[in-house]
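> Below is a structure I'd like to ask you about.
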Amino acid sequence: MSSPIHISAVIITFNEQKNIARCIQSLVGIADEIVVVDSFSTDQTVNIATDLGAKVIQNAWQGYSQQKNFGNEKAQFQWILSLDADEAISNELKTNILKIKTNTTADGYYISRLTNYCGHWIKYGDWYPDQKLRLWNKAKGQWQGLIHEVVSMSVAANTATLKGDILHYSYYSIMEHVAQMNKFTEIMAEDNALKNKKASLVKIICSPPVKFIKGYFIKLGFLDGFYGFVVAAMSAHATFLKYCRTRELQKHPID
């Protein structure tokens, strides 16, 4: 049996007063420390987090991976549990994290993420199980990527999967999703341009319908009803925007 481990939960925030309390409260009993890296919120995020016992560090926004790695460096313990402010730990996941705290068998653990979209849980399609590596020994991995960042583990590291879900309270309205999609597709297009990835006309035409068919039909998104259709359609549209913007940057690079 391995030695017991201590966990630092790390959360990055900016104006998350409607989400942060739920996130922190879900960590009670499993996190030995809660670190909130706040990029100078103008709402009550910092006050709420502080009142709930979190260690709040303010740091100017550096980008998703950089901000999260900064938080990991400030964490007291070797094991990191990373959550976004709009996420929370399910009861089943909490039970299984407590088990591995006394018997750790891997260097990192993948966890499924169940998304609440406009008040409805999305249990099919591209959005579930949406497994992410969120609990790991920080000596064995760190965040990488401009957007949709991932934890890159060392070659020798071994990983496993934990049962239970991270509950993701994503968008409260379709228009909120549209606004975020516009922001993210612009960043993804810029990232593609920096990596010299091309977007052909064939890719622009074919990729969106393939994305929709995969999410809505092959992965059974239709079983989520109206919002299953919305999620599949929005994902297809995001694919269209990403490649259109990538092609635009090919022809008119940013100075």
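Chain identifiers are assigned as A, B, and so on, following the order in which chains appear in the structure tokens; residues are numbered from 1 within each chain, and ligands are numbered from 1 in order of appearance.
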Pick out the residues sitting within 12 Å of Gly63 in chain A, and hand them over as a list of chain:residue names; count only C-alpha atoms, and ignore anything fewer than 3 positions along from it in its own chain.

A:Ile12, A:Thr13, A:Ser39, A:Asn59, A:Ala60, A:Gln66, A:Gln67, A:Lys68, A:Asn69, A:Phe70, A:Trp143, A:Gln144, A:Gly145, A:Leu146, A:Ile147, A:His148, A:Glu149, A:Ile187

> Would you give me, as a PyMOL selection string, the residues in range 38-246 of chain A that DSSP reads as strand (DSSP E)?

chain A and resi 38+55-58+79-84+87-89+108-117+120-122+132-137+141-144+150-153+159-171

> For a test of reading the model, state the distance in Å between CA of Gly125 in chain A and CA of Glu186 in chain A, rounded to one decimal.

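We find that CA of Gly125 in chain A and CA of Glu186 in chain A lie 23.9 Å from each other.
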
> If you count only C-alpha atoms, which residues fall within 10 Å of Asn196 in chain A, apart from same-chain ones fewer than 6 positions away, as a list in words?

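That gives Glu190, Thr246 and Gln250 of chain A.
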
> Please produce a file of the residues just selected, as a PDB file, in the first residue's frame, where the atoms kept are N, CA and C atoms.


```pdb
ATOM      1  N   GLU A 190      -6.194  31.597 -34.114  1.00  0.00           N
ATOM      2  CA  GLU A 190      -4.879  32.214 -33.928  1.00  0.00           C
ATOM      3  C   GLU A 190      -3.828  31.166 -33.588  1.00  0.00           C
ATOM      4  N   THR A 246      -9.330  30.545 -39.385  1.00  0.00           N
ATOM      5  CA  THR A 246      -7.972  30.089 -39.687  1.00  0.00           C
ATOM      6  C   THR A 246      -7.608  30.443 -41.121  1.00  0.00           C
ATOM      7  N   GLN A 250      -4.717  32.963 -42.702  1.00  0.00           N
ATOM      8  CA  GLN A 250      -3.741  32.538 -43.705  1.00  0.00           C
ATOM      9  C   GLN A 250      -3.566  33.628 -44.761  1.00  0.00           C
TER      10      GLN A 250
END
```
